[in-house]
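Peer 1: What follows is model_1.cif, mmCIF, C-alpha atoms.
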data_input
#
loop_
_atom_site.group_PDB
_atom_site.id
_atom_site.type_symbol
_atom_site.label_atom_id
_atom_site.label_comp_id
_atom_site.auth_asym_id
_atom_site.auth_seq_id
_atom_site.Cartn_x
_atom_site.Cartn_y
_atom_site.Cartn_z
ATOM 1 C CA MET A 1 -88.881 166.300 -26.915
ATOM 2 C CA ARG A 2 -92.668 166.237 -26.420
ATOM 3 C CA ILE A 3 -93.823 162.643 -26.000
ATOM 4 C CA ALA A 4 -97.416 161.406 -25.976
ATOM 5 C CA LEU A 5 -97.526 158.130 -24.029
ATOM 6 C CA VAL A 6 -100.727 156.163 -24.551
ATOM 7 C CA THR A 7 -101.854 153.183 -22.498
ATOM 8 C CA PRO A 8 -105.337 151.619 -22.464
ATOM 9 C CA ALA A 9 -104.963 151.176 -18.697
ATOM 10 C CA GLY A 10 -106.666 154.086 -16.940
ATOM 11 C CA ALA A 11 -105.461 155.999 -13.907
ATOM 12 C CA ARG A 12 -107.275 153.667 -11.481
ATOM 13 C CA ALA A 13 -106.013 150.468 -13.081
ATOM 14 C CA ARG A 14 -103.858 148.154 -10.976
ATOM 15 C CA ASN A 15 -102.232 146.237 -13.776
ATOM 16 C CA GLY A 16 -98.856 145.832 -15.394
ATOM 17 C CA ASN A 17 -99.606 148.122 -18.333
ATOM 18 C CA ARG A 18 -100.396 151.062 -16.050
ATOM 19 C CA HIS A 19 -97.303 150.506 -13.922
ATOM 20 C CA THR A 20 -95.183 150.265 -17.055
ATOM 21 C CA ALA A 21 -96.589 153.503 -18.486
ATOM 22 C CA LEU A 22 -95.944 155.457 -15.301
ATOM 23 C CA ARG A 23 -92.453 154.038 -14.883
ATOM 24 C CA TRP A 24 -91.535 154.832 -18.487
ATOM 25 C CA ALA A 25 -92.928 158.340 -18.151
ATOM 26 C CA ALA A 26 -90.672 158.877 -15.122
ATOM 27 C CA PHE A 27 -87.615 157.627 -17.015
ATOM 28 C CA LEU A 28 -88.352 159.892 -19.977
ATOM 29 C CA ARG A 29 -88.954 162.943 -17.802
ATOM 30 C CA ALA A 30 -85.703 162.296 -15.948
ATOM 31 C CA ALA A 31 -83.967 162.356 -19.347
ATOM 32 C CA GLY A 32 -85.425 165.824 -20.029
ATOM 33 C CA HIS A 33 -88.462 164.965 -22.149
ATOM 34 C CA ARG A 34 -91.980 166.336 -21.660
ATOM 35 C CA VAL A 35 -94.386 163.425 -21.314
ATOM 36 C CA ALA A 36 -98.184 163.385 -21.308
ATOM 37 C CA VAL A 37 -99.791 160.064 -20.288
ATOM 38 C CA SER A 38 -103.325 159.318 -21.484
ATOM 39 C CA THR A 39 -105.582 156.417 -22.402
ATOM 40 C CA GLN A 40 -106.023 157.841 -25.937
ATOM 41 C CA TRP A 41 -103.996 160.338 -27.909
ATOM 42 C CA PRO A 42 -106.018 163.571 -27.590
ATOM 43 C CA GLY A 43 -104.737 165.046 -30.856
ATOM 44 C CA SER A 44 -102.215 167.292 -29.126
ATOM 45 C CA ASP A 45 -98.982 168.304 -30.829
ATOM 46 C CA ALA A 46 -96.223 165.834 -29.980
ATOM 47 C CA ASP A 47 -92.849 164.935 -31.431
ATOM 48 C CA LEU A 48 -93.289 161.231 -30.722
ATOM 49 C CA LEU A 49 -96.056 158.796 -29.821
ATOM 50 C CA LEU A 50 -95.255 155.853 -27.577
ATOM 51 C CA ALA A 51 -98.249 153.509 -27.432
ATOM 52 C CA LEU A 52 -98.624 150.453 -25.231
ATOM 53 C CA HIS A 53 -100.680 147.679 -26.843
ATOM 54 C CA ALA A 54 -100.917 147.374 -30.627
ATOM 55 C CA ARG A 55 -104.601 146.423 -30.789
ATOM 56 C CA ARG A 56 -106.140 148.386 -27.953
ATOM 57 C CA SER A 57 -104.216 151.574 -28.807
ATOM 58 C CA TYR A 58 -104.859 151.205 -32.543
ATOM 59 C CA ASP A 59 -107.092 154.275 -32.871
ATOM 60 C CA SER A 60 -104.434 156.535 -31.325
ATOM 61 C CA ILE A 61 -101.724 154.958 -33.465
ATOM 62 C CA ARG A 62 -103.729 155.367 -36.662
ATOM 63 C CA ARG A 63 -104.665 158.991 -35.984
ATOM 64 C CA PHE A 64 -101.145 160.021 -34.974
ATOM 65 C CA ALA A 65 -99.638 158.381 -38.066
ATOM 66 C CA ALA A 66 -102.152 160.190 -40.284
ATOM 67 C CA SER A 67 -101.612 163.544 -38.568
ATOM 68 C CA TYR A 68 -97.810 163.380 -38.346
ATOM 69 C CA PRO A 69 -96.536 160.799 -40.848
ATOM 70 C CA GLN A 70 -92.935 161.958 -40.494
ATOM 71 C CA ARG A 71 -92.870 161.888 -36.694
ATOM 72 C CA ARG A 72 -91.670 158.889 -34.730
ATOM 73 C CA LEU A 73 -94.173 156.312 -33.580
ATOM 74 C CA LEU A 74 -93.236 153.516 -31.176
ATOM 75 C CA VAL A 75 -95.493 150.643 -30.188
ATOM 76 C CA ALA A 76 -94.846 148.465 -27.131
ATOM 77 C CA LEU A 77 -96.258 144.962 -27.567
ATOM 78 C CA THR A 78 -98.092 143.142 -24.807
ATOM 79 C CA GLY A 79 -98.438 139.386 -24.440
ATOM 80 C CA THR A 80 -101.907 139.374 -25.968
ATOM 81 C CA ASP A 81 -100.557 141.402 -28.907
ATOM 82 C CA ILE A 82 -97.708 139.014 -29.606
ATOM 83 C CA TYR A 83 -99.246 135.659 -28.860
ATOM 84 C CA ARG A 84 -102.819 136.262 -30.032
ATOM 85 C CA ASP A 85 -103.887 139.587 -31.530
ATOM 86 C CA ILE A 86 -101.390 139.914 -34.379
ATOM 87 C CA ARG A 87 -102.742 136.597 -35.696
ATOM 88 C CA ILE A 88 -106.423 137.547 -35.613
ATOM 89 C CA SER A 89 -106.678 141.349 -35.577
ATOM 90 C CA SER A 90 -106.091 143.452 -38.683
ATOM 91 C CA GLU A 91 -105.889 146.505 -36.418
ATOM 92 C CA ALA A 92 -103.023 145.006 -34.428
ATOM 93 C CA ARG A 93 -101.181 144.130 -37.645
ATOM 94 C CA GLU A 94 -101.686 147.634 -39.004
ATOM 95 C CA SER A 95 -100.248 149.083 -35.802
ATOM 96 C CA LEU A 96 -97.107 146.990 -36.354
ATOM 97 C CA ALA A 97 -96.811 148.289 -39.902
ATOM 98 C CA LEU A 98 -97.307 151.945 -38.893
ATOM 99 C CA ALA A 99 -94.750 151.854 -36.079
ATOM 100 C CA HIS A 100 -91.227 153.067 -36.707
ATOM 101 C CA ARG A 101 -90.063 151.007 -33.743
ATOM 102 C CA LEU A 102 -91.530 148.035 -31.867
ATOM 103 C CA ILE A 103 -90.744 147.388 -28.218
ATOM 104 C CA THR A 104 -90.920 143.917 -26.722
ATOM 105 C CA LEU A 105 -90.461 143.120 -23.049
ATOM 106 C CA GLN A 106 -88.285 140.042 -23.510
ATOM 107 C CA PRO A 107 -86.052 138.815 -26.359
ATOM 108 C CA MET A 108 -88.030 135.737 -27.445
ATOM 109 C CA ALA A 109 -91.021 137.847 -28.501
ATOM 110 C CA ALA A 110 -89.394 138.999 -31.745
ATOM 111 C CA ALA A 111 -89.512 135.441 -33.093
ATOM 112 C CA GLU A 112 -93.318 135.679 -33.205
ATOM 113 C CA LEU A 113 -93.251 138.622 -35.624
ATOM 114 C CA PRO A 114 -93.024 138.425 -39.414
ATOM 115 C CA ALA A 115 -89.358 138.446 -40.417
ATOM 116 C CA PRO A 116 -89.444 141.909 -42.092
ATOM 117 C CA LEU A 117 -90.640 143.483 -38.833
ATOM 118 C CA ARG A 118 -87.972 142.002 -36.577
ATOM 119 C CA ARG A 119 -85.443 144.657 -37.552
ATOM 120 C CA LYS A 120 -87.736 147.230 -35.931
ATOM 121 C CA VAL A 121 -87.617 145.516 -32.516
ATOM 122 C CA SER A 122 -85.995 146.898 -29.388
ATOM 123 C CA VAL A 123 -86.077 144.822 -26.196
ATOM 124 C CA VAL A 124 -86.852 146.691 -22.981
ATOM 125 C CA VAL A 125 -86.914 144.362 -19.997
ATOM 126 C CA GLN A 126 -89.066 145.790 -17.236
ATOM 127 C CA SER A 127 -87.580 146.710 -13.887
ATOM 128 C CA SER A 128 -88.529 147.254 -10.282
ATOM 129 C CA ALA A 129 -87.251 149.940 -7.929
ATOM 130 C CA THR A 130 -88.563 148.254 -4.792
ATOM 131 C CA THR A 131 -86.188 148.190 -1.836
ATOM 132 C CA LEU A 132 -87.992 145.219 -0.322
ATOM 133 C CA ARG A 133 -86.078 141.958 -0.073
ATOM 134 C CA GLN A 134 -87.442 138.492 0.454
ATOM 135 C CA ASP A 135 -88.274 137.876 4.103
ATOM 136 C CA PRO A 136 -90.509 134.810 4.084
ATOM 137 C CA VAL A 137 -92.810 133.890 6.935
ATOM 138 C CA ALA A 138 -91.403 131.208 9.206
ATOM 139 C CA ARG A 139 -94.477 129.189 10.153
ATOM 140 C CA GLN A 140 -95.189 127.569 6.763
ATOM 141 C CA PHE A 141 -94.205 127.638 3.099
ATOM 142 C CA ARG A 142 -96.038 130.541 1.470
ATOM 143 C CA VAL A 143 -96.727 130.668 -2.268
ATOM 144 C CA CYS A 144 -97.840 133.958 -3.786
ATOM 145 C CA VAL A 145 -99.851 134.246 -7.006
ATOM 146 C CA ILE A 146 -100.216 137.770 -8.415
ATOM 147 C CA GLY A 147 -102.373 138.484 -11.424
ATOM 148 C CA HIS A 148 -105.897 139.510 -12.242
ATOM 149 C CA LEU A 149 -108.367 136.704 -12.711
ATOM 150 C CA ARG A 150 -108.715 136.403 -16.468
ATOM 151 C CA GLU A 151 -108.412 133.507 -18.871
ATOM 152 C CA GLU A 152 -104.951 134.377 -20.227
ATOM 153 C CA LYS A 153 -103.452 134.108 -16.736
ATOM 154 C CA ASP A 154 -104.851 130.614 -15.993
ATOM 155 C CA PRO A 155 -105.184 132.015 -12.458
ATOM 156 C CA LEU A 156 -106.762 129.047 -10.709
ATOM 157 C CA ARG A 157 -104.199 126.466 -11.749
ATOM 158 C CA ILE A 158 -102.785 126.775 -8.218
ATOM 159 C CA VAL A 159 -106.193 125.754 -6.835
ATOM 160 C CA ALA A 160 -106.184 122.637 -9.025
ATOM 161 C CA ALA A 161 -102.688 121.806 -7.716
ATOM 162 C CA LEU A 162 -103.632 121.945 -4.031
ATOM 163 C CA PRO A 163 -105.109 118.411 -3.766
ATOM 164 C CA HIS A 164 -101.642 117.115 -4.700
ATOM 165 C CA LEU A 165 -99.849 119.160 -2.020
ATOM 166 C CA GLY A 166 -99.385 119.123 1.723
ATOM 167 C CA ALA A 167 -99.261 121.960 4.233
ATOM 168 C CA ILE A 168 -98.613 125.158 2.319
ATOM 169 C CA GLN A 169 -100.283 128.559 2.232
ATOM 170 C CA VAL A 170 -101.363 130.247 -1.008
ATOM 171 C CA ILE A 171 -101.921 134.014 -1.152
ATOM 172 C CA HIS A 172 -103.658 135.021 -4.379
ATOM 173 C CA LEU A 173 -103.810 138.702 -5.358
ATOM 174 C CA GLY A 174 -105.718 140.139 -8.288
ATOM 175 C CA ALA A 175 -109.115 141.507 -9.196
ATOM 176 C CA ALA A 176 -111.748 139.260 -10.790
ATOM 177 C CA LEU A 177 -111.877 140.610 -14.337
ATOM 178 C CA ASP A 178 -113.832 137.452 -15.161
ATOM 179 C CA GLU A 179 -116.798 137.111 -12.792
ATOM 180 C CA ALA A 180 -116.966 133.351 -13.219
ATOM 181 C CA LEU A 181 -113.343 132.992 -12.146
ATOM 182 C CA GLY A 182 -114.077 135.205 -9.153
ATOM 183 C CA ARG A 183 -116.902 132.914 -8.089
ATOM 184 C CA GLN A 184 -114.620 129.921 -8.459
ATOM 185 C CA ALA A 185 -111.946 131.592 -6.321
ATOM 186 C CA LEU A 186 -114.473 132.314 -3.581
ATOM 187 C CA ALA A 187 -115.672 128.719 -3.677
ATOM 188 C CA ALA A 188 -112.084 127.477 -3.507
ATOM 189 C CA MET A 189 -111.533 129.427 -0.283
ATOM 190 C CA GLN A 190 -114.576 127.742 1.236
ATOM 191 C CA ARG A 191 -113.269 124.300 0.295
ATOM 192 C CA ASP A 192 -109.616 124.715 1.261
ATOM 193 C CA SER A 193 -108.253 126.883 4.066
ATOM 194 C CA ARG A 194 -104.786 126.805 2.494
ATOM 195 C CA TYR A 195 -105.993 129.153 -0.250
ATOM 196 C CA ARG A 196 -106.687 132.870 0.326
ATOM 197 C CA TRP A 197 -107.833 135.110 -2.501
ATOM 198 C CA LEU A 198 -107.540 138.763 -1.430
ATOM 199 C CA GLY A 199 -108.741 140.373 -4.661
ATOM 200 C CA GLY A 200 -107.179 143.502 -6.073
ATOM 201 C CA VAL A 201 -104.874 145.267 -3.609
ATOM 202 C CA PRO A 202 -102.681 148.386 -3.846
ATOM 203 C CA HIS A 203 -99.311 147.815 -5.465
ATOM 204 C CA GLY A 204 -97.338 148.401 -2.274
ATOM 205 C CA ARG A 205 -99.376 145.833 -0.395
ATOM 206 C CA ALA A 206 -98.937 143.313 -3.210
ATOM 207 C CA LEU A 207 -95.165 143.787 -3.038
ATOM 208 C CA ALA A 208 -95.237 143.230 0.737
ATOM 209 C CA TRP A 209 -97.111 139.949 0.270
ATOM 210 C CA LEU A 210 -94.614 138.918 -2.406
ATOM 211 C CA ALA A 211 -91.634 139.688 -0.162
ATOM 212 C CA SER A 212 -93.142 137.558 2.615
ATOM 213 C CA SER A 213 -93.429 134.523 0.310
ATOM 214 C CA HIS A 214 -91.084 131.623 -0.249
ATOM 215 C CA ALA A 215 -91.970 131.443 -3.959
ATOM 216 C CA MET A 216 -94.155 133.069 -6.574
ATOM 217 C CA VAL A 217 -96.188 131.075 -9.087
ATOM 218 C CA ILE A 218 -96.946 132.505 -12.522
ATOM 219 C CA SER A 219 -99.173 130.081 -14.402
ATOM 220 C CA SER A 220 -100.063 132.226 -17.430
ATOM 221 C CA ARG A 221 -100.955 130.844 -20.825
ATOM 222 C CA MET A 222 -99.453 133.954 -22.465
ATOM 223 C CA GLU A 223 -97.277 136.822 -21.260
ATOM 224 C CA GLY A 224 -95.335 139.556 -23.005
ATOM 225 C CA GLY A 225 -92.856 139.677 -20.143
ATOM 226 C CA ALA A 226 -94.591 139.953 -16.791
ATOM 227 C CA ASN A 227 -93.688 142.855 -14.532
ATOM 228 C CA VAL A 228 -94.434 140.709 -11.484
ATOM 229 C CA VAL A 229 -91.646 138.314 -12.511
ATOM 230 C CA CYS A 230 -89.248 141.261 -12.610
ATOM 231 C CA GLU A 231 -90.426 142.360 -9.163
ATOM 232 C CA ALA A 232 -89.848 138.874 -7.767
ATOM 233 C CA LEU A 233 -86.343 138.811 -9.244
ATOM 234 C CA ARG A 234 -85.611 142.217 -7.742
ATOM 235 C CA MET A 235 -86.639 140.983 -4.272
ATOM 236 C CA GLY A 236 -84.936 137.619 -4.545
ATOM 237 C CA VAL A 237 -88.148 135.548 -4.543
ATOM 238 C CA PRO A 238 -87.885 132.291 -6.532
ATOM 239 C CA VAL A 239 -90.301 132.089 -9.457
ATOM 240 C CA LEU A 240 -92.145 128.917 -10.442
ATOM 241 C CA ALA A 241 -93.252 129.579 -13.993
ATOM 242 C CA SER A 242 -95.304 128.035 -16.759
ATOM 243 C CA ARG A 243 -93.084 127.135 -19.699
ATOM 244 C CA ILE A 244 -94.224 129.803 -22.160
ATOM 245 C CA PRO A 245 -92.032 132.080 -24.298
ATOM 246 C CA GLY A 246 -92.859 135.153 -22.217
ATOM 247 C CA ASN A 247 -91.509 133.506 -19.069
ATOM 248 C CA VAL A 248 -88.596 131.701 -20.691
ATOM 249 C CA GLY A 249 -87.559 134.930 -22.404
ATOM 250 C CA LEU A 250 -87.114 136.562 -19.005
ATOM 251 C CA LEU A 251 -85.809 133.694 -16.910
ATOM 252 C CA GLY A 252 -83.696 131.902 -19.525
ATOM 253 C CA LYS A 253 -83.862 128.470 -21.102
ATOM 254 C CA SER A 254 -81.723 126.896 -18.367
ATOM 255 C CA TYR A 255 -83.840 128.187 -15.483
ATOM 256 C CA PRO A 256 -84.750 125.081 -13.412
ATOM 257 C CA ALA A 257 -88.290 125.878 -12.226
ATOM 258 C CA TYR A 258 -90.695 125.604 -15.148
ATOM 259 C CA PHE A 259 -93.857 123.532 -15.261
ATOM 260 C CA ALA A 260 -95.982 122.497 -18.217
ATOM 261 C CA VAL A 261 -98.784 124.901 -19.166
ATOM 262 C CA GLU A 262 -102.196 123.977 -17.685
ATOM 263 C CA ASP A 263 -100.645 121.044 -15.809
ATOM 264 C CA GLU A 264 -101.515 121.191 -12.112
ATOM 265 C CA ARG A 265 -99.706 117.942 -11.312
ATOM 266 C CA ASP A 266 -96.495 119.299 -12.784
ATOM 267 C CA LEU A 267 -96.976 122.526 -10.834
ATOM 268 C CA ALA A 268 -97.649 120.596 -7.630
ATOM 269 C CA GLY A 269 -94.518 118.531 -8.152
ATOM 270 C CA LEU A 270 -92.446 121.688 -8.593
ATOM 271 C CA ILE A 271 -93.887 123.284 -5.453
ATOM 272 C CA HIS A 272 -93.311 120.066 -3.491
ATOM 273 C CA ARG A 273 -89.690 120.031 -4.623
ATOM 274 C CA ALA A 274 -89.210 123.657 -3.598
ATOM 275 C CA VAL A 275 -90.686 122.858 -0.160
ATOM 276 C CA THR A 276 -88.755 119.644 0.514
ATOM 277 C CA ASP A 277 -85.474 119.889 -1.421
ATOM 278 C CA LYS A 278 -83.210 122.441 0.253
ATOM 279 C CA ARG A 279 -80.516 122.132 -2.406
ATOM 280 C CA PHE A 280 -83.043 122.792 -5.182
ATOM 281 C CA TYR A 281 -84.426 125.823 -3.354
ATOM 282 C CA ALA A 282 -80.912 127.178 -2.800
ATOM 283 C CA LYS A 283 -80.231 126.748 -6.519
ATOM 284 C CA LEU A 284 -83.341 128.780 -7.332
ATOM 285 C CA LYS A 285 -82.159 131.528 -4.998
ATOM 286 C CA ARG A 286 -78.782 131.635 -6.772
ATOM 287 C CA GLN A 287 -80.423 131.775 -10.199
ATOM 288 C CA VAL A 288 -82.679 134.633 -9.123
ATOM 289 C CA ALA A 289 -79.710 136.535 -7.685
ATOM 290 C CA ARG A 290 -77.865 136.230 -11.009
ATOM 291 C CA LEU A 291 -80.861 137.651 -12.873
ATOM 292 C CA ARG A 292 -81.352 140.605 -10.531
ATOM 293 C CA PRO A 293 -79.141 143.102 -12.455
ATOM 294 C CA MET A 294 -81.335 142.575 -15.539
ATOM 295 C CA VAL A 295 -84.314 144.143 -13.747
ATOM 296 C CA ALA A 296 -82.527 147.186 -12.338
ATOM 297 C CA PRO A 297 -84.245 150.514 -13.161
ATOM 298 C CA ARG A 298 -81.053 151.889 -14.693
ATOM 299 C CA ALA A 299 -80.985 149.018 -17.209
ATOM 300 C CA GLU A 300 -84.608 149.534 -18.225
ATOM 301 C CA ALA A 301 -84.222 153.304 -18.562
ATOM 302 C CA ARG A 302 -81.161 152.902 -20.762
ATOM 303 C CA ALA A 303 -82.911 150.365 -23.016
ATOM 304 C CA LEU A 304 -85.992 152.586 -23.353
ATOM 305 C CA LEU A 305 -83.974 155.670 -24.284
ATOM 306 C CA ASP A 306 -81.985 153.618 -26.798
ATOM 307 C CA ALA A 307 -85.267 152.465 -28.363
ATOM 308 C CA LEU A 308 -86.313 156.085 -28.868
ATOM 309 C CA LYS A 309 -83.080 156.786 -30.729
ATOM 310 C CA ALA A 310 -82.956 153.641 -32.875
ATOM 311 C CA ASP A 311 -84.085 153.718 -36.495
ATOM 312 C CA PRO A 312 -85.918 150.803 -38.202
ATOM 313 C CA SER A 313 -82.652 149.295 -39.413
ATOM 314 C CA GLY A 314 -81.503 148.898 -35.825
ATOM 315 C CA SER A 315 -78.851 151.610 -35.803
ATOM 316 C CA LYS A 316 -78.906 154.741 -33.656
ATOM 317 C CA SER A 317 -80.228 157.887 -35.289
#
For this file, produce the structure as structure tokens.
Peer 2:
Amino acid sequence: MRIALVTPAGARARNGNRHTALRWAAFLRAAGHRVAVSTQWPGSDADLLLALHARRSYDSIRRFAASYPQRRLLVALTGTDIYRDIRISSEARESLALAHRLITLQPMAAAELPAPLRRKVSVVVQSSATTLRQDPVARQFRVCVIGHLREEKDPLRIVAALPHLGAIQVIHLGAALDEALGRQALAAMQRDSRYRWLGGVPHGRALAWLASSHAMVISSRMEGGANVVCEALRMGVPVLASRIPGNVGLLGKSYPAYFAVEDERDLAGLIHRAVTDKRFYAKLKRQVARLRPMVAPRAEARALLDALKADPSGSKS
């Protein structure tokens, strides 16, 4: 089958959407499909369009549906799609209506959709093929924060938590997509030597920093199902996560390391407990180990291929 895979993230992007597109393309090619990855559908003949992001890929979705109304059209929903854009963007809502199948990255996302659309949902939890395993530095407790500096990620919540913490090290990775947040990160480094913002780094280097950490903090206000959480689970790195549906959908309602959104004191208390309470930290390690099979590449590939075969009623075609 000829598949056009559209992602708004360009070839030089270092973000989750780009990594997801390339990983899915590899899975589909391994299954025997011909896949062309682009930022916009170029109008080429294709049997199926798979578009990441309902709002930002709307033009490609609309044109493909008009050109080939009988051909399959799948839309993968990001966090901003699910938790913001479908409420305020008519283009995002039209993309949902045009799609034959909707892909979400964690099971709780479907609850945000209008009831008639939920039957079109397939869940494809993202995976990681990294062979790295957690090997934390010995000299001090290292916390890793991975995510571009933009408002949805609440990226500097860790900085606000530092006055309530003792001797830890924070490694923050991610490009400043918001210049004001970048300036704040630079200023934070000047104020507090415990905090190091390294900007955008290659994916392999980011994974190495993650593997060397005792814990990863994800403080986002909204997430569709963060790839970096899946990478941490694959390595065995405990995740300290904001209590939002995108994180709970991946980690589970009983996961013991959530903190309240935009609450630096709650985050600081959780980090302090991970540093000082060996039994709590061991429990986190066990929880992460139990979740590891969920983020295996084989599981993601199988779910993606099943989504391609499923019809809107939820049965296989």
Peer 1: Centre and edge lengths, as lines of an AutoDock Vina configuration file, for the axis-aligned box enclosing every listed atom of region 69-74 of chain A with 4 Å of padding on each of the six sides, in Å to one decimal?
Peer 2:
center_x = -94.1
center_y = 157.7
center_z = -36.0
size_x = 12.9
size_y = 16.4
size_z = 17.7
Peer 1: At a cut-off of 12 Å, using all atoms listed in the file, what residues contact Leu304 (chain A)? Leave out same-chain residues fewer than 6 positions from it and give the result as a ChimeraX atom specification.
Peer 2: /A:20-21,23-28,31,50,74-76,101-105,121-127,297-298,310
Peer 1: Generate a file of the selected residues that holds C-alpha atoms, formatted as a PDB file, keeping the file's coordinate frame.
Peer 2:
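What landed in selection19.pdb:
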ATOM      1  CA  THR A  20     -95.183 150.265 -17.055  1.00  0.00           C
ATOM      2  CA  ALA A  21     -96.589 153.503 -18.486  1.00  0.00           C
ATOM      3  CA  ARG A  23     -92.453 154.038 -14.883  1.00  0.00           C
ATOM      4  CA  TRP A  24     -91.535 154.832 -18.487  1.00  0.00           C
ATOM      5  CA  ALA A  25     -92.928 158.340 -18.151  1.00  0.00           C
ATOM      6  CA  ALA A  26     -90.672 158.877 -15.122  1.00  0.00           C
ATOM      7  CA  PHE A  27     -87.615 157.627 -17.015  1.00  0.00           C
ATOM      8  CA  LEU A  28     -88.352 159.892 -19.977  1.00  0.00           C
ATOM      9  CA  ALA A  31     -83.967 162.356 -19.347  1.00  0.00           C
ATOM     10  CA  LEU A  50     -95.255 155.853 -27.577  1.00  0.00           C
ATOM     11  CA  LEU A  74     -93.236 153.516 -31.176  1.00  0.00           C
ATOM     12  CA  VAL A  75     -95.493 150.643 -30.188  1.00  0.00           C
ATOM     13  CA  ALA A  76     -94.846 148.465 -27.131  1.00  0.00           C
ATOM     14  CA  ARG A 101     -90.063 151.007 -33.743  1.00  0.00           C
ATOM     15  CA  LEU A 102     -91.530 148.035 -31.867  1.00  0.00           C
ATOM     16  CA  ILE A 103     -90.744 147.388 -28.218  1.00  0.00           C
ATOM     17  CA  THR A 104     -90.920 143.917 -26.722  1.00  0.00           C
ATOM     18  CA  LEU A 105     -90.461 143.120 -23.049  1.00  0.00           C
ATOM     19  CA  VAL A 121     -87.617 145.516 -32.516  1.00  0.00           C
ATOM     20  CA  SER A 122     -85.995 146.898 -29.388  1.00  0.00           C
ATOM     21  CA  VAL A 123     -86.077 144.822 -26.196  1.00  0.00           C
ATOM     22  CA  VAL A 124     -86.852 146.691 -22.981  1.00  0.00           C
ATOM     23  CA  VAL A 125     -86.914 144.362 -19.997  1.00  0.00           C
ATOM     24  CA  GLN A 126     -89.066 145.790 -17.236  1.00  0.00           C
ATOM     25  CA  SER A 127     -87.580 146.710 -13.887  1.00  0.00           C
ATOM     26  CA  PRO A 297     -84.245 150.514 -13.161  1.00  0.00           C
ATOM     27  CA  ARG A 298     -81.053 151.889 -14.693  1.00  0.00           C
ATOM     28  CA  ALA A 310     -82.956 153.641 -32.875  1.00  0.00           C
TER      29      ALA A 310
END
Peer 1: Can you pull out the residues contacting region 59-72 of chain A? Cut-off 8 Å, using all atoms listed in the file, and skip same-chain residues under 6 positions away; I want them as an mmCIF file with C-alpha atoms, keeping the file's coordinate frame.
Peer 2:
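Heads up, here's the output in part_1.cif:
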data_model
loop_
_atom_site.group_PDB
_atom_site.id
_atom_site.type_symbol
_atom_site.label_atom_id
_atom_site.label_comp_id
_atom_site.auth_asym_id
_atom_site.auth_seq_id
_atom_site.Cartn_x
_atom_site.Cartn_y
_atom_site.Cartn_z
ATOM 1 C CA VAL A 6 -100.727 156.163 -24.551
ATOM 2 C CA GLN A 40 -106.023 157.841 -25.937
ATOM 3 C CA TRP A 41 -103.996 160.338 -27.909
ATOM 4 C CA GLY A 43 -104.737 165.046 -30.856
ATOM 5 C CA ASP A 47 -92.849 164.935 -31.431
ATOM 6 C CA LEU A 48 -93.289 161.231 -30.722
ATOM 7 C CA LEU A 49 -96.056 158.796 -29.821
ATOM 8 C CA ALA A 51 -98.249 153.509 -27.432
ATOM 9 C CA SER A 95 -100.248 149.083 -35.802
ATOM 10 C CA LEU A 98 -97.307 151.945 -38.893
ATOM 11 C CA ALA A 99 -94.750 151.854 -36.079
ATOM 12 C CA HIS A 100 -91.227 153.067 -36.707
#
Peer 1: Hey, which of A:Ala46, A:Leu117, A:Leu156, A:Ile244 ends up closest to Ala180 (chain A)? Count only C-alpha atoms.
Peer 2: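 Once distances to Ala180 (chain A) are computed over only C-alpha atoms, the minimum belongs to A:Leu156.
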Peer 1: Restricting the calculation to all atoms listed in the file, which member of A:Ser89, A:Gln190, A:Asn247, A:Gln184 is positioned closest to Asn227 (chain A)?
Peer 2: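 Using all atoms listed in the file, the shortest distance to Asn227 (chain A) belongs to A:Asn247.
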Peer 1: Please determine, counting all atoms listed in the file, which residue among A:Pro256, A:Pro202, A:Pro238, A:Gly249 has the shortest atom-to-atom distance to Ala226 (chain A).
Peer 2: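 Smallest distance to Ala226 (chain A) is found for A:Gly249.
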Peer 1: Using all atoms listed in the file, pick whichever of A:Gly269, A:Gly174, A:Gly252, A:Pro8 has the shortest atom-to-atom distance to Arg56 (chain A).
Peer 2: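 Of A:Gly269, A:Gly174, A:Gly252, A:Pro8, the one nearest Arg56 (chain A), counting all atoms listed in the file, is A:Pro8.
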Peer 1: Using only C-alpha atoms, find the one residue out of A:Ala208, A:Ala176, A:Ala289, A:Ala188 that sits nearest to Leu132 (chain A).
Peer 2: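 Selected residue with least distance to Leu132 (chain A): A:Ala208.
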Peer 1: Could you work out how far CA of Val159 (chain A) lies from CA of Asn17 (chain A), giving the answer in Å with one decimal?
Peer 2: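 For CA of Asn17 (chain A) relative to CA of Val159 (chain A), the distance reads 26.0 Å.
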Peer 1: The PyMOL selection byres ((chain A and resi 113) around 12) on the file shown: which residues, as a short mmCIF file (atom, residue, chain, number, x, y, z; two decimals) with C-alpha atoms, in the frame of the given file?
Peer 2:
data_model
loop_
_atom_site.label_atom_id
_atom_site.label_comp_id
_atom_site.auth_asym_id
_atom_site.auth_seq_id
_atom_site.Cartn_x
_atom_site.Cartn_y
_atom_site.Cartn_z
CA LEU A 77 -96.26 144.96 -27.57
CA ASP A 81 -100.56 141.40 -28.91
CA ILE A 82 -97.71 139.01 -29.61
CA TYR A 83 -99.25 135.66 -28.86
CA ARG A 84 -102.82 136.26 -30.03
CA ASP A 85 -103.89 139.59 -31.53
CA ILE A 86 -101.39 139.91 -34.38
CA ARG A 87 -102.74 136.60 -35.70
CA ALA A 92 -103.02 145.01 -34.43
CA ARG A 93 -101.18 144.13 -37.65
CA LEU A 96 -97.11 146.99 -36.35
CA ALA A 97 -96.81 148.29 -39.90
CA LEU A 102 -91.53 148.04 -31.87
CA ILE A 103 -90.74 147.39 -28.22
CA THR A 104 -90.92 143.92 -26.72
CA PRO A 107 -86.05 138.82 -26.36
CA MET A 108 -88.03 135.74 -27.44
CA ALA A 109 -91.02 137.85 -28.50
CA ALA A 110 -89.39 139.00 -31.74
CA ALA A 111 -89.51 135.44 -33.09
CA GLU A 112 -93.32 135.68 -33.20
CA PRO A 114 -93.02 138.43 -39.41
CA ALA A 115 -89.36 138.45 -40.42
CA PRO A 116 -89.44 141.91 -42.09
CA LEU A 117 -90.64 143.48 -38.83
CA ARG A 118 -87.97 142.00 -36.58
CA ARG A 119 -85.44 144.66 -37.55
CA LYS A 120 -87.74 147.23 -35.93
CA VAL A 121 -87.62 145.52 -32.52
#
